[in-house]
file target.cif (mmCIF, C-alpha atoms and all ligand atoms)
data_entry
#
loop_
_atom_site.group_PDB
_atom_site.id
_atom_site.type_symbol
_atom_site.label_atom_id
_atom_site.label_comp_id
_atom_site.auth_asym_id
_atom_site.auth_seq_id
_atom_site.Cartn_x
_atom_site.Cartn_y
_atom_site.Cartn_z
ATOM 1 C CA MET A 183 33.441 63.653 93.730
ATOM 2 C CA LYS A 184 31.542 65.543 91.069
ATOM 3 C CA LEU A 185 32.316 63.723 87.826
ATOM 4 C CA VAL A 186 31.611 64.328 84.167
ATOM 5 C CA ILE A 187 31.534 61.130 82.109
ATOM 6 C CA THR A 188 31.564 61.482 78.336
ATOM 7 C CA GLY A 189 30.151 59.179 75.653
ATOM 8 C CA ALA A 190 27.450 58.199 78.161
ATOM 9 C CA ASN A 191 25.737 55.621 75.938
ATOM 10 C CA GLY A 192 28.921 53.597 75.396
ATOM 11 C CA MET A 193 29.760 50.285 77.037
ATOM 12 C CA LEU A 194 32.520 51.545 79.323
ATOM 13 C CA ALA A 195 30.742 54.817 80.114
ATOM 14 C CA GLN A 196 27.738 52.887 81.406
ATOM 15 C CA ALA A 197 29.915 50.818 83.713
ATOM 16 C CA VAL A 198 31.683 53.966 84.945
ATOM 17 C CA GLN A 199 28.357 55.689 85.638
ATOM 18 C CA ASN A 200 27.060 52.714 87.595
ATOM 19 C CA TYR A 201 30.252 52.246 89.547
ATOM 20 C CA CYS A 202 30.701 55.919 90.431
ATOM 21 C CA LYS A 203 27.080 56.357 91.462
ATOM 22 C CA SER A 204 27.387 53.331 93.728
ATOM 23 C CA ALA A 205 30.533 54.918 95.220
ATOM 24 C CA GLY A 206 28.482 57.995 96.129
ATOM 25 C CA ASP A 207 29.672 60.379 93.414
ATOM 26 C CA PHE A 208 27.593 63.100 91.821
ATOM 27 C CA VAL A 209 27.678 61.965 88.190
ATOM 28 C CA VAL A 210 26.950 64.097 85.151
ATOM 29 C CA ALA A 211 26.951 61.622 82.258
ATOM 30 C CA LEU A 212 26.802 63.270 78.851
ATOM 31 C CA THR A 213 25.869 61.584 75.581
ATOM 32 C CA ARG A 214 27.324 62.699 72.281
ATOM 33 C CA PHE A 215 24.097 64.635 71.722
ATOM 34 C CA GLU A 216 24.561 66.509 75.010
ATOM 35 C CA MET A 217 28.265 67.189 74.495
ATOM 36 C CA ASP A 218 30.075 66.324 71.286
ATOM 37 C CA ILE A 219 33.689 66.229 72.446
ATOM 38 C CA SER A 220 34.911 67.276 68.996
ATOM 39 C CA ASP A 221 33.061 70.599 69.424
ATOM 40 C CA GLU A 222 35.450 72.826 71.379
ATOM 41 C CA LYS A 223 32.831 75.439 72.284
ATOM 42 C CA SER A 224 30.348 72.874 73.542
ATOM 43 C CA VAL A 225 33.041 71.211 75.670
ATOM 44 C CA SER A 226 34.314 74.410 77.265
ATOM 45 C CA ALA A 227 30.769 75.735 77.910
ATOM 46 C CA LYS A 228 29.583 72.477 79.458
ATOM 47 C CA LEU A 229 32.566 72.078 81.768
ATOM 48 C CA ALA A 230 32.352 75.743 82.805
ATOM 49 C CA GLU A 231 28.692 75.131 83.676
ATOM 50 C CA VAL A 232 29.171 71.852 85.595
ATOM 51 C CA ARG A 233 32.594 72.604 87.143
ATOM 52 C CA PRO A 234 33.422 68.968 87.925
ATOM 53 C CA ASP A 235 36.254 67.723 90.147
ATOM 54 C CA ALA A 236 37.221 65.317 87.367
ATOM 55 C CA VAL A 237 36.286 64.278 83.840
ATOM 56 C CA ILE A 238 36.470 60.626 82.805
ATOM 57 C CA ASN A 239 36.531 60.492 79.027
ATOM 58 C CA CYS A 240 34.937 57.296 77.708
ATOM 59 C CA ALA A 241 33.848 58.853 74.397
ATOM 60 C CA ALA A 242 35.718 57.751 71.305
ATOM 61 C CA PHE A 243 35.364 56.729 67.702
ATOM 62 C CA THR A 244 35.732 52.972 68.302
ATOM 63 C CA ASP A 245 34.941 51.409 64.916
ATOM 64 C CA VAL A 246 38.459 50.109 64.258
ATOM 65 C CA ASP A 247 37.725 48.939 60.715
ATOM 66 C CA GLY A 248 35.463 51.880 59.855
ATOM 67 C CA ALA A 249 38.243 54.276 60.866
ATOM 68 C CA GLU A 250 40.320 53.167 57.869
ATOM 69 C CA THR A 251 37.878 54.970 55.557
ATOM 70 C CA ASN A 252 36.446 57.527 57.984
ATOM 71 C CA ILE A 253 39.677 59.145 59.109
ATOM 72 C CA ARG A 254 38.233 62.598 59.652
ATOM 73 C CA ALA A 255 35.507 61.466 62.088
ATOM 74 C CA CYS A 256 37.939 59.195 63.884
ATOM 75 C CA PHE A 257 40.511 61.952 64.439
ATOM 76 C CA ALA A 258 37.791 64.486 65.351
ATOM 77 C CA ALA A 259 36.750 62.390 68.363
ATOM 78 C CA ASN A 260 39.995 60.678 69.331
ATOM 79 C CA VAL A 261 42.428 63.566 68.814
ATOM 80 C CA ASP A 262 40.529 66.889 68.735
ATOM 81 C CA GLY A 263 38.009 65.600 71.270
ATOM 82 C CA VAL A 264 40.696 64.576 73.754
ATOM 83 C CA ALA A 265 42.510 67.893 73.311
ATOM 84 C CA ASN A 266 39.267 69.861 73.804
ATOM 85 C CA LEU A 267 38.558 68.038 77.041
ATOM 86 C CA ALA A 268 42.143 68.356 78.280
ATOM 87 C CA ARG A 269 42.066 72.119 77.632
ATOM 88 C CA ALA A 270 38.655 72.614 79.249
ATOM 89 C CA CYS A 271 39.735 70.587 82.304
ATOM 90 C CA ARG A 272 42.745 72.847 82.689
ATOM 91 C CA SER A 273 40.459 75.913 82.555
ATOM 92 C CA VAL A 274 38.110 74.657 85.272
ATOM 93 C CA ASN A 275 40.881 73.035 87.330
ATOM 94 C CA ALA A 276 39.501 69.499 87.000
ATOM 95 C CA ALA A 277 41.454 66.250 86.882
ATOM 96 C CA PHE A 278 41.359 64.684 83.417
ATOM 97 C CA VAL A 279 41.237 60.922 82.879
ATOM 98 C CA THR A 280 41.058 59.658 79.302
ATOM 99 C CA VAL A 281 40.931 56.072 78.118
ATOM 100 C CA SER A 282 43.423 54.863 75.537
ATOM 101 C CA THR A 283 44.181 51.479 74.064
ATOM 102 C CA ASP A 284 46.536 48.507 73.836
ATOM 103 C CA TYR A 285 46.399 49.147 70.079
ATOM 104 C CA VAL A 286 48.989 51.922 70.462
ATOM 105 C CA PHE A 287 51.478 49.004 70.355
ATOM 106 C CA ASP A 288 52.330 46.992 67.256
ATOM 107 C CA GLY A 289 51.967 43.544 68.818
ATOM 108 C CA GLU A 290 55.489 42.359 67.965
ATOM 109 C CA LYS A 291 56.387 41.866 71.631
ATOM 110 C CA GLN A 292 55.631 38.385 72.976
ATOM 111 C CA ASP A 293 55.589 39.565 76.585
ATOM 112 C CA PHE A 294 53.405 42.148 78.349
ATOM 113 C CA TYR A 295 53.677 45.754 77.208
ATOM 114 C CA THR A 296 54.596 48.247 79.923
ATOM 115 C CA GLN A 297 54.962 52.019 79.959
ATOM 116 C CA ARG A 298 58.635 51.503 78.998
ATOM 117 C CA ASP A 299 57.671 50.218 75.547
ATOM 118 C CA THR A 300 57.550 52.541 72.583
ATOM 119 C CA PRO A 301 54.131 52.815 70.921
ATOM 120 C CA ASN A 302 53.945 51.973 67.243
ATOM 121 C CA PRO A 303 50.276 52.115 66.233
ATOM 122 C CA LEU A 304 49.306 50.126 63.133
ATOM 123 C CA GLY A 305 45.972 51.449 61.854
ATOM 124 C CA VAL A 306 44.038 54.724 61.695
ATOM 125 C CA TYR A 307 42.131 54.128 64.953
ATOM 126 C CA ALA A 308 45.355 53.180 66.749
ATOM 127 C CA ARG A 309 47.187 56.240 65.393
ATOM 128 C CA SER A 310 44.343 58.512 66.437
ATOM 129 C CA LYS A 311 44.403 57.142 69.984
ATOM 130 C CA ARG A 312 48.175 57.619 70.203
ATOM 131 C CA GLU A 313 47.914 61.182 68.916
ATOM 132 C CA GLY A 314 45.209 61.799 71.487
ATOM 133 C CA GLU A 315 47.604 60.659 74.226
ATOM 134 C CA ILE A 316 50.366 62.977 73.020
ATOM 135 C CA LEU A 317 48.082 65.978 72.607
ATOM 136 C CA ALA A 318 46.452 65.484 76.014
ATOM 137 C CA PHE A 319 49.813 65.948 77.728
ATOM 138 C CA ALA A 320 50.826 68.794 75.421
ATOM 139 C CA VAL A 321 47.640 70.702 76.255
ATOM 140 C CA ASN A 322 47.286 69.699 79.885
ATOM 141 C CA PRO A 323 50.185 68.196 81.868
ATOM 142 C CA ARG A 324 47.699 67.098 84.530
ATOM 143 C CA SER A 325 46.299 64.443 82.147
ATOM 144 C CA ILE A 326 45.895 60.833 83.206
ATOM 145 C CA ILE A 327 46.062 58.431 80.261
ATOM 146 C CA VAL A 328 44.684 54.972 80.974
ATOM 147 C CA ARG A 329 45.451 52.329 78.361
ATOM 148 C CA SER A 330 43.255 49.269 78.488
ATOM 149 C CA GLY A 331 42.389 46.467 76.109
ATOM 150 C CA TRP A 332 39.975 43.668 75.302
ATOM 151 C CA ILE A 333 37.202 45.404 77.262
ATOM 152 C CA TYR A 334 33.848 43.663 77.597
ATOM 153 C CA GLY A 335 30.765 44.371 79.639
ATOM 154 C CA LEU A 336 27.028 44.858 79.845
ATOM 155 C CA GLY A 337 25.689 46.661 76.795
ATOM 156 C CA GLY A 338 28.791 45.736 74.787
ATOM 157 C CA THR A 339 28.456 44.426 71.256
ATOM 158 C CA ASN A 340 32.055 43.331 70.635
ATOM 159 C CA PHE A 341 33.181 39.702 70.410
ATOM 160 C CA LEU A 342 34.159 39.318 74.065
ATOM 161 C CA SER A 343 30.908 40.834 75.315
ATOM 162 C CA ALA A 344 28.794 38.719 72.956
ATOM 163 C CA VAL A 345 30.404 35.272 73.390
ATOM 164 C CA PRO A 346 28.494 34.263 76.565
ATOM 165 C CA ARG A 347 25.136 35.070 74.968
ATOM 166 C CA LEU A 348 26.012 33.361 71.683
ATOM 167 C CA LEU A 349 27.133 30.173 73.409
ATOM 168 C CA ALA A 350 24.134 30.206 75.772
ATOM 169 C CA ASP A 351 21.897 30.451 72.691
ATOM 170 C CA GLY A 352 23.675 27.443 71.183
ATOM 171 C CA GLU A 353 25.172 29.468 68.348
ATOM 172 C CA PRO A 354 28.542 28.607 66.805
ATOM 173 C CA VAL A 355 31.435 30.928 67.643
ATOM 174 C CA ARG A 356 34.599 31.397 65.589
ATOM 175 C CA ALA A 357 37.440 32.350 67.908
ATOM 176 C CA ILE A 358 40.995 33.306 67.009
ATOM 177 C CA GLY A 359 43.672 31.217 68.672
ATOM 178 C CA ASP A 360 46.748 33.176 67.620
ATOM 179 C CA SER A 361 45.942 36.701 68.872
ATOM 180 C CA PHE A 362 46.555 37.526 72.521
ATOM 181 C CA GLY A 363 45.433 40.199 74.963
ATOM 182 C CA THR A 364 44.462 40.956 78.528
ATOM 183 C CA PRO A 365 40.660 40.782 78.905
ATOM 184 C CA THR A 366 39.161 43.535 81.027
ATOM 185 C CA PHE A 367 35.709 43.630 82.585
ATOM 186 C CA ALA A 368 34.338 47.152 82.121
ATOM 187 C CA TYR A 369 33.117 47.325 85.711
ATOM 188 C CA ASP A 370 36.621 46.560 87.051
ATOM 189 C CA LEU A 371 38.130 49.148 84.736
ATOM 190 C CA ALA A 372 35.524 51.636 85.961
ATOM 191 C CA ALA A 373 36.740 51.130 89.521
ATOM 192 C CA ARG A 374 40.341 51.749 88.471
ATOM 193 C CA LEU A 375 39.372 54.858 86.479
ATOM 194 C CA ARG A 376 37.645 56.291 89.524
ATOM 195 C CA GLU A 377 40.656 55.523 91.734
ATOM 196 C CA LEU A 378 42.904 57.303 89.261
ATOM 197 C CA ALA A 379 40.584 60.312 89.041
ATOM 198 C CA GLU A 380 40.586 60.586 92.814
ATOM 199 C CA ALA A 381 44.367 60.201 93.094
ATOM 200 C CA ASP A 382 44.867 62.902 90.459
ATOM 201 C CA LEU A 383 48.435 61.787 89.658
ATOM 202 C CA PRO A 384 49.244 62.620 86.017
ATOM 203 C CA GLY A 385 50.859 59.971 83.852
ATOM 204 C CA VAL A 386 50.311 56.926 81.668
ATOM 205 C CA TYR A 387 48.695 53.918 83.328
ATOM 206 C CA HIS A 388 47.840 50.453 82.065
ATOM 207 C CA ALA A 389 44.634 48.945 83.448
ATOM 208 C CA THR A 390 43.522 45.414 82.609
ATOM 209 C CA ASN A 391 42.357 42.412 84.565
ATOM 210 C CA GLY A 392 45.164 40.255 85.947
ATOM 211 C CA GLY A 393 46.493 36.826 85.047
ATOM 212 C CA PRO A 394 48.560 35.748 82.055
ATOM 213 C CA GLY A 395 46.158 37.088 79.413
ATOM 214 C CA CYS A 396 44.744 34.765 76.760
ATOM 215 C CA SER A 397 43.735 34.333 73.135
ATOM 216 C CA TYR A 398 40.162 34.851 71.927
ATOM 217 C CA LEU A 399 39.945 31.063 71.687
ATOM 218 C CA GLU A 400 41.007 30.632 75.311
ATOM 219 C CA PHE A 401 38.509 33.301 76.338
ATOM 220 C CA ALA A 402 35.674 31.496 74.518
ATOM 221 C CA ARG A 403 36.722 28.187 76.090
ATOM 222 C CA ALA A 404 36.685 29.808 79.542
ATOM 223 C CA VAL A 405 33.138 31.025 78.834
ATOM 224 C CA CYS A 406 32.199 27.448 77.890
ATOM 225 C CA HIS A 407 33.745 26.096 81.041
ATOM 226 C CA LEU A 408 32.058 28.649 83.334
ATOM 227 C CA GLY A 409 28.663 28.360 81.636
ATOM 228 C CA GLN A 410 28.923 24.597 81.020
ATOM 229 C CA PHE A 411 28.224 25.192 77.332
ATOM 230 C CA ASP A 412 29.057 22.824 74.499
ATOM 231 C CA LEU A 413 32.762 23.175 73.576
ATOM 232 C CA GLU A 414 31.971 21.831 70.119
ATOM 233 C CA ARG A 415 30.266 25.145 69.312
ATOM 234 C CA ILE A 416 33.640 26.882 69.235
ATOM 235 C CA GLU A 417 35.403 26.869 65.902
ATOM 236 C CA PRO A 418 39.109 27.729 66.187
ATOM 237 C CA ALA A 419 40.256 30.315 63.657
ATOM 238 C CA SER A 420 43.452 32.104 62.768
ATOM 239 C CA TYR A 421 44.029 35.887 62.752
ATOM 240 C CA LYS A 422 44.699 35.863 59.025
ATOM 241 C CA ASP A 423 41.377 34.060 58.303
ATOM 242 C CA LEU A 424 39.410 37.128 59.355
ATOM 243 C CA ARG A 425 40.836 39.467 56.688
ATOM 244 C CA ARG A 426 39.727 42.642 58.410
ATOM 245 C CA PRO A 427 40.323 46.065 56.860
ATOM 246 C CA ALA A 428 42.351 47.447 59.800
ATOM 247 C CA PRO A 429 45.610 45.881 60.978
ATOM 248 C CA ARG A 430 45.634 44.876 64.638
ATOM 249 C CA PRO A 431 48.419 43.950 67.045
ATOM 250 C CA VAL A 432 48.756 40.180 67.254
ATOM 251 C CA SER A 433 49.669 40.351 70.917
ATOM 252 C CA SER A 434 48.795 43.355 73.049
ATOM 253 C CA LYS A 435 48.875 42.177 76.631
ATOM 254 C CA LEU A 436 49.335 45.055 79.078
ATOM 255 C CA THR A 437 50.744 45.317 82.545
ATOM 256 C CA CYS A 438 51.268 48.434 84.635
ATOM 257 C CA LEU A 439 54.598 49.395 86.197
ATOM 258 C CA VAL A 440 53.206 51.956 88.600
ATOM 259 C CA SER A 441 49.667 51.177 89.823
ATOM 260 C CA GLU A 442 50.578 48.719 92.531
ATOM 261 C CA LYS A 443 53.665 50.710 93.537
ATOM 262 C CA LEU A 444 51.304 53.630 94.143
ATOM 263 C CA GLY A 445 49.171 51.425 96.368
ATOM 264 C CA PHE A 446 46.283 50.608 94.041
ATOM 265 C CA PRO A 447 45.025 47.068 94.633
ATOM 266 C CA PRO A 448 45.916 44.594 91.878
ATOM 267 C CA MET A 449 43.078 44.055 89.418
ATOM 268 C CA ARG A 450 41.683 40.557 89.819
ATOM 269 C CA HIS A 451 42.348 37.635 87.480
ATOM 270 C CA TRP A 452 40.389 37.877 84.229
ATOM 271 C CA GLU A 453 38.660 34.534 84.791
ATOM 272 C CA SER A 454 37.211 35.714 88.093
ATOM 273 C CA ALA A 455 35.964 38.905 86.428
ATOM 274 C CA LEU A 456 34.475 36.877 83.569
ATOM 275 C CA ALA A 457 32.559 34.715 86.050
ATOM 276 C CA ASP A 458 31.006 37.877 87.530
ATOM 277 C CA TYR A 459 30.081 39.180 84.098
ATOM 278 C CA MET A 460 28.415 35.897 83.207
ATOM 279 C CA GLY A 461 26.546 35.948 86.524
ATOM 280 C CA GLN A 462 25.122 39.379 85.724
ATOM 281 C CA LYS A 463 23.866 38.545 82.256
HETATM 282 N N1 LIG B 1 36.162 48.004 73.686
HETATM 283 C C1 LIG B 1 37.445 47.706 73.789
HETATM 284 O O1 LIG B 1 37.855 46.532 73.731
HETATM 285 C C2 LIG B 1 38.461 48.793 74.007
HETATM 286 C C3 LIG B 1 39.817 48.427 74.100
HETATM 287 C C4 LIG B 1 40.762 49.397 74.370
HETATM 288 C C5 LIG B 1 40.364 50.713 74.562
HETATM 289 N N2 LIG B 1 39.064 51.055 74.423
HETATM 290 C C6 LIG B 1 38.702 52.456 74.654
HETATM 291 O O2 LIG B 1 37.751 52.496 75.706
HETATM 292 C C7 LIG B 1 36.907 53.638 75.545
HETATM 293 C C8 LIG B 1 35.455 53.221 75.638
HETATM 294 O O3 LIG B 1 35.194 52.287 74.606
HETATM 295 P P1 LIG B 1 33.801 51.496 74.513
HETATM 296 O O4 LIG B 1 34.164 50.109 74.157
HETATM 297 O O5 LIG B 1 32.946 51.767 75.680
HETATM 298 O O6 LIG B 1 33.212 52.175 73.197
HETATM 299 P P2 LIG B 1 31.713 52.392 72.715
HETATM 300 O O7 LIG B 1 30.793 51.428 73.376
HETATM 301 O O8 LIG B 1 31.784 52.440 71.228
HETATM 302 O O9 LIG B 1 31.373 53.843 73.272
HETATM 303 C C9 LIG B 1 31.934 54.995 72.749
HETATM 304 C C10 LIG B 1 30.935 56.104 72.961
HETATM 305 O O10 LIG B 1 31.538 57.331 72.534
HETATM 306 C C11 LIG B 1 30.542 58.091 71.880
HETATM 307 N N3 LIG B 1 31.143 59.074 70.994
HETATM 308 C C12 LIG B 1 31.742 58.876 69.793
HETATM 309 N N4 LIG B 1 32.159 60.052 69.282
HETATM 310 C C13 LIG B 1 31.790 61.007 70.178
HETATM 311 C C14 LIG B 1 31.925 62.410 70.222
HETATM 312 N N5 LIG B 1 32.503 63.081 69.217
HETATM 313 N N6 LIG B 1 31.447 63.074 71.293
HETATM 314 C C15 LIG B 1 30.840 62.414 72.304
HETATM 315 N N7 LIG B 1 30.663 61.080 72.325
HETATM 316 C C16 LIG B 1 31.148 60.381 71.273
HETATM 317 C C17 LIG B 1 29.728 57.083 71.142
HETATM 318 O O11 LIG B 1 28.483 57.665 70.834
HETATM 319 P P3 LIG B 1 27.593 57.099 69.614
HETATM 320 O O12 LIG B 1 26.994 55.850 70.162
HETATM 321 O O13 LIG B 1 26.652 58.188 69.368
HETATM 322 O O14 LIG B 1 28.543 56.846 68.481
HETATM 323 C C18 LIG B 1 29.645 55.942 72.154
HETATM 324 O O15 LIG B 1 28.518 56.120 72.997
HETATM 325 C C19 LIG B 1 37.323 54.271 74.216
HETATM 326 O O16 LIG B 1 38.262 55.290 74.469
HETATM 327 C C20 LIG B 1 38.035 53.130 73.486
HETATM 328 O O17 LIG B 1 38.968 53.622 72.555
HETATM 329 C C21 LIG B 1 38.098 50.136 74.159
#
call {"tool": "encode", "arguments": {"input": "target.cif", "output": "C-alpha cells"}}
result
Amino acid sequence: MKLVITGANGMLAQAVQNYCKSAGDFVVALTRFEMDISDEKSVSAKLAEVRPDAVINCAAFTDVDGAETNIRACFAANVDGVANLARACRSVNAAFVTVSTDYVFDGEKQDFYTQRDTPNPLGVYARSKREGEILAFAVNPRSIIVRSGWIYGLGGTNFLSAVPRLLADGEPVRAIGDSFGTPTFAYDLAARLRELAEADLPGVYHATNGGPGCSYLEFARAVCHLGQFDLERIEPASYKDLRRPAPRPVSSKLTCLVSEKLGFPPMRHWESALADYMGQK
C-alpha cells in the first residue's frame, strides 16, 4: 500500500512508520512542518500530490491538561484537522483511518466500553476527539475511527512509556491504583491500524492490547516483575492526589465488538506486549 502517516514525529506515528515499512508499504510520513493537518489547503494539496491508498492519522493535540487553556489549538488539530483529512481522502479516493481515544467515555462504567456505549467526554481534549469522530463521518462516510487508550512505546514520554526507564534507573515512581485502562503497545496498535486501512471497512473500532486491563499501579508492578526491579520504588497514589487540570475517566477499558468477528486476530495480552517493549528498550 501507499500510505500517508501524519504527525510523523509522534510516538504512535513512529511505530506505524516502522511497522508499515517492515510490511513492505511505501510510506510517506509527514511531520507537522510538512503538513499541518489544521491547514485545509496544505492537506488537500499534499494528498493530491501523493495520491495514497490510505491515510493513517496519528497527528493530534495530545496535551490533555494543556487543552483546558488552549482550546483553539486543540480543536484546530483534533476537529478541523480530522475533517480536513477526511475531506481530502474523499477527493483522492483514499481510505481514511484516524485514531481516537478511550477518553470519549466518562469512566463511570466498571466494565469494558464497547461501541454500544454512548460517549460522554469530560474535558476539552476528550470533547475535541469526540467532535473529530463525528465530523469525520459527516464529511466522509468511508472513515475508520480507531479508539485506543493507555498507549506507550518507543519515543513516548507519557507515564506508561517512562516507567521502565525510571525503575531501571532506580527512581521512585508514583502510580495511581484507582484508575483503570487497557494498556496498548504502540507497535501492536500500528499493526491493527494497518490491517484496518487495508480492509477499508468504515466504522468505529476499539483497539487495545488484550487481558483484563489494569491500574497504573498494576502496570508499574508488572514492569517491576518483568525487569526484576525493586518494588519498594513504587509509591501507590490515588487519582484525586494528582489534582490535574483536566478531568479524566476513572475507568476507560476498551474492548471491540467487531474486530474478531471480521477475522482480525485478537490483540495479545498487555503483559506479553509490555515484555516486548521492555526488551526493546
Ligand atoms: N498516548 C496515549 O495514551 C493515547 C491514548 C488514546 C489515544 N491517543 C491518540 O493517539 C494518537 C497518537 O498519539 P501519540 O501518543 O502518538 O501523540 P504524540 O506523541 O503527542 O504525537 C502527536 C503528533 O501530532 C503532531 N501534531 C500536533 N498537531 C498537529 C497538526 N496540526 N498537524 C500535524 N501534526 C500535528 C505533533 O507534532 P508536534 O510534536 O510538532 O506537536 C506530534 O508529533 C492521537 O490521536 C491521540 O489522541 C493517544
call {"tool": "residues_around", "arguments": {"input": "target.cif", "residues": "Ala190 (chain A)", "least_positions_apart": "5", "cutoff": "8 Å", "atoms": "only C-alpha atoms", "output": "VMD selection string"}}
result
chain A and resid 195 to 196 199 211 to 214 240 to 241
call {"tool": "write_last_selection", "arguments": {"input": "target.cif", "atoms": "C-alpha atoms", "output": "compact mmCIF listing (two decimals), keeping the file's coordinate frame"}}
result
# COMPACT_ATOMS: atom_id res chain seq x y z
CA ALA A 195 30.74 54.82 80.11
CA GLN A 196 27.74 52.89 81.41
CA GLN A 199 28.36 55.69 85.64
CA ALA A 211 26.95 61.62 82.26
CA LEU A 212 26.80 63.27 78.85
CA THR A 213 25.87 61.58 75.58
CA ARG A 214 27.32 62.70 72.28
CA CYS A 240 34.94 57.30 77.71
CA ALA A 241 33.85 58.85 74.40
call {"tool": "atom_distance", "arguments": {"input": "target.cif", "atom1": "CA of Ala372 (chain A)", "atom2": "CA of Asp288 (chain A)"}}
result
25.6 Å
call {"tool": "resolve_selection", "arguments": {"input": "target.cif", "expression": "the PyMOL selection byres (((chain A and resi 400) around 12) and not hetatm)", "output": "PyMOL selection string"}}
result
chain A and resi 342+345+356-365+394-399+401-407+413+416-419+452-453
call {"tool": "resolve_selection", "arguments": {"input": "target.cif", "expression": "the PyMOL selection byres (((chain A and resi 441-445) around 9) and not hetatm)", "output": "ChimeraX atom specification"}}
result
/A:387-389,438-440,446-448
call {"tool": "closest_residue", "arguments": {"input": "target.cif", "among": "A:Ile219, A:Arg430, A:Asn239, A:Gly338", "to": "Asn302 (chain A)", "atoms": "all atoms listed in the file"}}
result
A:Arg430
call {"tool": "resolve_selection", "arguments": {"input": "target.cif", "expression": "the PyMOL selection byres (((chain A and resi 296) around 6) and not hetatm)", "output": "PyMOL selection string"}}
result
chain A and resi 295+297-299+437-438
call {"tool": "residues_around", "arguments": {"input": "target.cif", "residues": "Ala268 (chain A)", "least_positions_apart": "3", "cutoff": "10 Å", "atoms": "all atoms listed in the file", "output": "PyMOL selection string"}}
result
chain A and resi 225-226+237+239+262-265+271-273+276-280+314+317-326
call {"tool": "atom_distance", "arguments": {"input": "target.cif", "atom1": "CA of Lys291 (chain A)", "atom2": "CA of Ser434 (chain A)"}}
result
7.9 Å
call {"tool": "decode", "arguments": {"input": "target.cif", "residues": "region 335-348 of chain A", "atoms": "N, CA and C atoms", "output": "mmCIF file, in the first residue's frame"}}
result
data_model
loop_
_atom_site.group_PDB
_atom_site.id
_atom_site.type_symbol
_atom_site.label_atom_id
_atom_site.label_comp_id
_atom_site.auth_asym_id
_atom_site.auth_seq_id
_atom_site.Cartn_x
_atom_site.Cartn_y
_atom_site.Cartn_z
ATOM 1 N N GLY A 335 5.115 3.443 24.094
ATOM 2 C CA GLY A 335 6.013 2.893 23.087
ATOM 3 C C GLY A 335 7.316 3.657 23.031
ATOM 4 N N LEU A 336 8.178 3.230 22.124
ATOM 5 C CA LEU A 336 9.483 3.866 21.962
ATOM 6 C C LEU A 336 9.275 5.331 21.578
ATOM 7 N N GLY A 337 10.045 6.203 22.184
ATOM 8 C CA GLY A 337 9.919 7.628 21.888
ATOM 9 C C GLY A 337 8.821 8.302 22.701
ATOM 10 N N GLY A 338 8.048 7.515 23.444
ATOM 11 C CA GLY A 338 6.958 8.098 24.239
ATOM 12 C C GLY A 338 7.479 8.743 25.511
ATOM 13 N N THR A 339 6.780 9.785 25.944
ATOM 14 C CA THR A 339 7.205 10.481 27.163
ATOM 15 C C THR A 339 6.162 10.349 28.266
ATOM 16 N N ASN A 340 5.036 9.683 27.980
ATOM 17 C CA ASN A 340 3.981 9.588 28.991
ATOM 18 C C ASN A 340 4.369 8.594 30.091
ATOM 19 N N PHE A 341 3.546 8.536 31.124
ATOM 20 C CA PHE A 341 3.844 7.711 32.301
ATOM 21 C C PHE A 341 4.167 6.266 31.929
ATOM 22 N N LEU A 342 3.289 5.653 31.127
ATOM 23 C CA LEU A 342 3.447 4.232 30.816
ATOM 24 C C LEU A 342 4.745 3.981 30.041
ATOM 25 N N SER A 343 5.069 4.884 29.136
ATOM 26 C CA SER A 343 6.303 4.724 28.358
ATOM 27 C C SER A 343 7.529 4.889 29.243
ATOM 28 N N ALA A 344 7.428 5.779 30.244
ATOM 29 C CA ALA A 344 8.606 6.160 31.030
ATOM 30 C C ALA A 344 8.889 5.223 32.205
ATOM 31 N N VAL A 345 7.859 4.500 32.692
ATOM 32 C CA VAL A 345 8.036 3.707 33.913
ATOM 33 C C VAL A 345 9.210 2.720 33.839
ATOM 34 N N PRO A 346 9.383 1.955 32.751
ATOM 35 C CA PRO A 346 10.511 1.018 32.732
ATOM 36 C C PRO A 346 11.865 1.718 32.916
ATOM 37 N N ARG A 347 12.035 2.856 32.244
ATOM 38 C CA ARG A 347 13.317 3.562 32.372
ATOM 39 C C ARG A 347 13.510 4.101 33.790
ATOM 40 N N LEU A 348 12.433 4.682 34.349
ATOM 41 C CA LEU A 348 12.543 5.250 35.693
ATOM 42 C C LEU A 348 12.919 4.178 36.708
#
